[in-house]
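These notes concern the structure reproduced below.
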2 protein chains.
Amino acid sequence: MTTSLSRDAAASDLAARLLEGDRLALSRLMSAVETGRDDARRQLRCLFHKTGRAHVVGVTGPPGSGKSTLTTRLALEYRAREKTVGIVAVDPTSPYSGGAILGDRVRMMELHSDPDVFVRSMATRGVMGGLARSTLDVVLLLDAFGKDVVLLETVGVGQDEVEIARAADTIMVVGVPNLGDDIQAIKAGILEIADVLVVNKADLLGADRLVADLRAMLQLGASPRGSWSPPIVRTVATEGVGVSELVDRLGEHRTYLESTGVWHARRVESARRQVRAIVEDRVQRRFERAAANEVWQARFEAIASRDDDPYSVADEVLKEVSSNG
Amino acid sequence: MTTSLSRDAAASDLAARLLEGDRLALSRLMSAVETGRDDARRQLRCLFHKTGRAHVVGVTGPPGSGKSTLTTRLALEYRAREKTVGIVAVDPTSPYSGGAILGDRVRMMELHSDPDVFVRSMATRGVMGGLARSTLDVVLLLDAFGKDVVLLETVGVGQDEVEIARAADTIMVVGVPNLGDDIQAIKAGILEIADVLVVNKADLLGADRLVADLRAMLQLGASPRGSWSPPIVRTVATEGVGVSELVDRLGEHRTYLESTGVWHARRVESARRQVRAIVEDRVQRRFERAAANEVWQARFEAIASRDDDPYSVADEVLKEVSSNG
């Protein structure tokens with residue numbers, strides 16, 4: 001994708017190179033965004049008006065539901081339909097391996113060889129709160145890069161993950177039969193934000209029951225998503241079964257969003273969430289900078305020995321964090 | 001637990017009543033803390049110097065590992081040893097049921113009838129970030145109430161959950177055989193903070209392999225927790241097998257913490273985390289208040305239509321959020 005902007009900018013400008021379709025520039029900007037470098041913010045500001053065209057599809061569900069396999073199959077199906085694809089995988093990391101463990105890393109490697117697919121695995125290690133901000137930024141970069149579809153894969157557990165999933169235009173929740181009570185609880189927690197439900201491993205005994213349960217829960221929910229009634233799609237991701245139908249349903253949801261004005265309403269809501277993520281991220285950075293100071297260290301010591309209390313100290317930290325821009 | 005403070009305070013003072021051992025006052029203060037009421041903050045400030053005696057044990061692990069059952073059994077074992085127990089369960093909630101779903105709610109009910117056990121299930125629905133702050137506050141309330149042991153049960157997935165687990169003095173990570181690749185990834189993500197490892201459902205085929213894998217990972221980790229070498233305990237929580245040994249190990253860890261000074265160091269670190277949680281919580285509240293304003297709504301609209309960008313708006317919101325105390 002070449003634009004006039006790229007000719008105006010200096011050759012070294014990563015944003016301009018990204019707009020020219022330079023994958024290395026895209027990759028470098030993603031790293032800059034993840035580490036929170038100041039120049040990344042400037043580049044993002046320049047790129048923002050080039051975003052908003054991609055269909056961002058959240059793929060979320062409990063561990064073991066086969067999200068990675070399904071994401072890979074979805075990407076292949078979109079490619080077969082001549083759509084370009086970005087994949088953002090938000091996975092817990094191992095402190096031992098030093099990188100994200102993806103269950104389907106090998107299968108995803110197939111996609112890596114396709115120049116119209118870009119896969120990014122987010123490092124969640126050591127990040128707190130900043131993950132939401134950096135994930136949203138990485139999605140924007142793929143959008144600016146010109147990807148037609150961005151698949152955003154998250155474990156559907158935990159508030160940060162649900163917050164990230166909410167950034168998608170279409171939220172797909174993946175369930176799987178027979179995962180036990182805890183899993184059902186989690187599924188229930190994210191059901192309210194589901195636009196499309198998937199029962200994966202639908203060849204397993206128990207799939208019919210799960211479909212029936214989901215249908216019952218959706219009816220209880222009294223159409224939480226406006227006039228859209230979330231379809232339930234059965235898939236066997238390992239075999240590719242149901243994936244084509246799933247892509248059809250995702251497309252129908254996009255059509256629904258655009259034809260009803262929900263698309264815009266949801267993007268306004270996304271804007272609010274993104275602003276909040278940026279604000280929180282900055283407050284956290286300032287806090288970490290302030291907390292390294294020995295004066296504050298002494299206050300934390302005083303709290304530990306119960307000579308001070310965290311509520312009073314927080315009041316003072318907040319003042320300091322607010323004042324140093 | 002009756003103190004002189006309670007005689008000085010007004011009868012209506014929840015903090016004073018809590019210190020007198022009034023369970024209803026404890027319960028009401030927990031609700032006040034969860035909803036973030038301003039008077040809760042004042043009461044917490046008063047109670048803080050009464051805290052620091054409880055042994056806070058984090059029970060964390062992937063969904064399906066049997067954490068709730070294990071927590072229940074641990075509580076029963078502590079009671080058999082004449083320790084008073086508080087349980088804080090941080091679980092995803094269902095928007096349909098309107099309350100937390102606990103896999104072992106029924107079994108936990110047994111504990112409810114014991115006056116020396118207090119069980120609190122945290123509502124995670126709709127909370128963002130504030131969960132860490134309110135969970136830490138609830139643990140402090142149980143500590144001030146005089147509980148010897150506080151069991152803090154969290155799903156070991158997601159950053160908020162790991163952040164909450166870190167508030168414990170002793171972090172117990174529960175694994176279970178044969179849960180598939182995704183689960184292994186999660187386990188790896190929290191292994192670095194484990195003080196005691198549990199292989200639950202140790203009667204299943206695959207338990208030996210999991211123990212061996214965990215041992216190998218611990219060796220790779222090069223003693224991440226100082227001179228303490230995390231023991232691996234096998235349990236069958238549903239049968240109570242291994243629970244007594246587990247309580248012994250948890251006790252040994254506390255002895256280790258106290259004898260090495262790590263106890264204090266860790267509480268200083270906890271103080272820092274708690275101050276951060278309070279600061280973040282206040283920033284979020286102020287943000288939500290500001291964002292409801294129609295001026296900011298118009299800015300979010302402008303972002304959605306790409307006439308403005310979230311980074312610039314965040315700069316301005318941050319100024320406003322900082323200035324209104």
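Simple scheme: letters A, B, ... for chains in structure tokens order, numbers from 1 for residues in each chain, numbers from 1 for ligands in the order shown.
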
Neighbours of range 293-304 of chain A within 9 Å (only C-alpha atoms; same-chain residues fewer than 4 positions away dropped), as a ChimeraX atom specification?
-> /A:289,308-310,313,317 /B:49,52,264-272,275

Where in range 180-260 of chain B does DSSP assign alpha helix (DSSP H), given as a PyMOL selection string?
-> chain B and resi 181-191+207-220+243-260

Store the residues picked out above, limited to C-alpha atoms, as a tab-separated table (two decimals), in the first residue's frame.
```tsv
chain	number	residue	atom	x	y	z
B	181	ASP	CA	-1.03	-27.48	25.90
B	182	ASP	CA	-2.80	-24.21	26.61
B	183	ILE	CA	-2.99	-25.07	30.27
B	184	GLN	CA	0.68	-25.91	30.40
B	185	ALA	CA	1.42	-22.48	29.01
B	186	ILE	CA	-0.58	-20.83	31.75
B	187	LYS	CA	1.03	-22.92	34.41
B	188	ALA	CA	4.42	-21.86	33.13
B	189	GLY	CA	3.38	-18.23	33.39
B	190	ILE	CA	2.71	-18.46	37.10
B	191	LEU	CA	5.40	-21.00	38.00
B	207	ALA	CA	0.64	-37.31	37.57
B	208	ASP	CA	4.19	-38.69	37.68
B	209	ARG	CA	4.95	-37.06	34.39
B	210	LEU	CA	3.62	-33.69	35.60
B	211	VAL	CA	5.70	-33.93	38.79
B	212	ALA	CA	8.78	-34.70	36.70
B	213	ASP	CA	8.02	-31.83	34.32
B	214	LEU	CA	7.54	-29.39	37.18
B	215	ARG	CA	10.77	-30.52	38.82
B	216	ALA	CA	12.63	-30.00	35.55
B	217	MET	CA	11.14	-26.52	35.14
B	218	LEU	CA	12.05	-25.58	38.70
B	219	GLN	CA	15.64	-26.64	38.08
B	220	LEU	CA	15.76	-24.54	34.92
B	243	VAL	CA	-3.85	-32.02	52.42
B	244	SER	CA	-2.21	-32.45	55.81
B	245	GLU	CA	1.25	-32.60	54.22
B	246	LEU	CA	0.36	-29.51	52.22
B	247	VAL	CA	-0.52	-27.55	55.35
B	248	ASP	CA	2.84	-28.65	56.83
B	249	ARG	CA	4.68	-27.32	53.77
B	250	LEU	CA	2.78	-24.03	53.88
B	251	GLY	CA	3.78	-23.68	57.53
B	252	GLU	CA	7.40	-24.39	56.67
B	253	HIS	CA	7.29	-21.68	54.07
B	254	ARG	CA	6.03	-19.19	56.61
B	255	THR	CA	8.83	-20.21	59.00
B	256	TYR	CA	11.32	-19.74	56.16
B	257	LEU	CA	9.93	-16.30	55.38
B	258	GLU	CA	10.17	-15.16	58.99
B	259	SER	CA	13.59	-16.64	59.71
B	260	THR	CA	15.21	-15.10	56.64
```

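Atom pair CA of Asp315 in chain B / CA of Ala16 in chain A: separated by 23.9 Å.
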
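The nearest approach to Asp143 in chain A among the residues A:Pro63, A:Gly240, A:Gly86, A:Pro230, with only C-alpha atoms taken into account, belongs to A:Gly86.
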
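Picture a line from CA of Val262 in chain B to CA of Leu197 in chain B; it runs 19.0 Å.
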
Select, from B:Arg306, B:Arg273, B:Arg120, B:Arg234, the residue with the minimum atom-to-atom distance to chain A, counting only C-alpha atoms.
-> B:Arg306

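The closest residue to chain A, picked from B:Lys67, B:Arg28, B:Arg23, B:Lys147 and counting only C-alpha atoms, is B:Lys67.
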
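Remark: for Ala194 in chain A, the closest of the candidate residues A:Gly21, A:Gly58, A:Gly64, A:Gly36 is A:Gly58 (distances computed over only C-alpha atoms).
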
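The interatomic distance for the pair CA of Val90 in chain B and CA of Val173 in chain A works out to 21.8 Å.
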
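Counting only C-alpha atoms, Val149 in chain A has the following residues at most 6 Å away, ignoring those fewer than 4 positions along the same chain: Ala54, His55, Val56 and Val85 of chain A.
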
Emit the selected residues as a CSV table (one decimal), in the first residue's frame, including N, CA and C atoms.
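The file below, part18.csv, is the result:
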```csv
chain,number,residue,atom,x,y,z
A,54,ALA,N,-10.1,-2.2,8.8
A,54,ALA,CA,-10.0,-3.6,9.1
A,54,ALA,C,-11.2,-4.1,9.9
A,55,HIS,N,-11.6,-5.3,9.6
A,55,HIS,CA,-12.6,-6.0,10.4
A,55,HIS,C,-11.9,-6.7,11.6
A,56,VAL,N,-12.0,-6.2,12.8
A,56,VAL,CA,-11.3,-6.8,13.9
A,56,VAL,C,-12.2,-7.9,14.6
A,85,VAL,N,-4.7,-10.9,6.1
A,85,VAL,CA,-5.0,-11.2,7.5
A,85,VAL,C,-3.9,-10.8,8.4
```
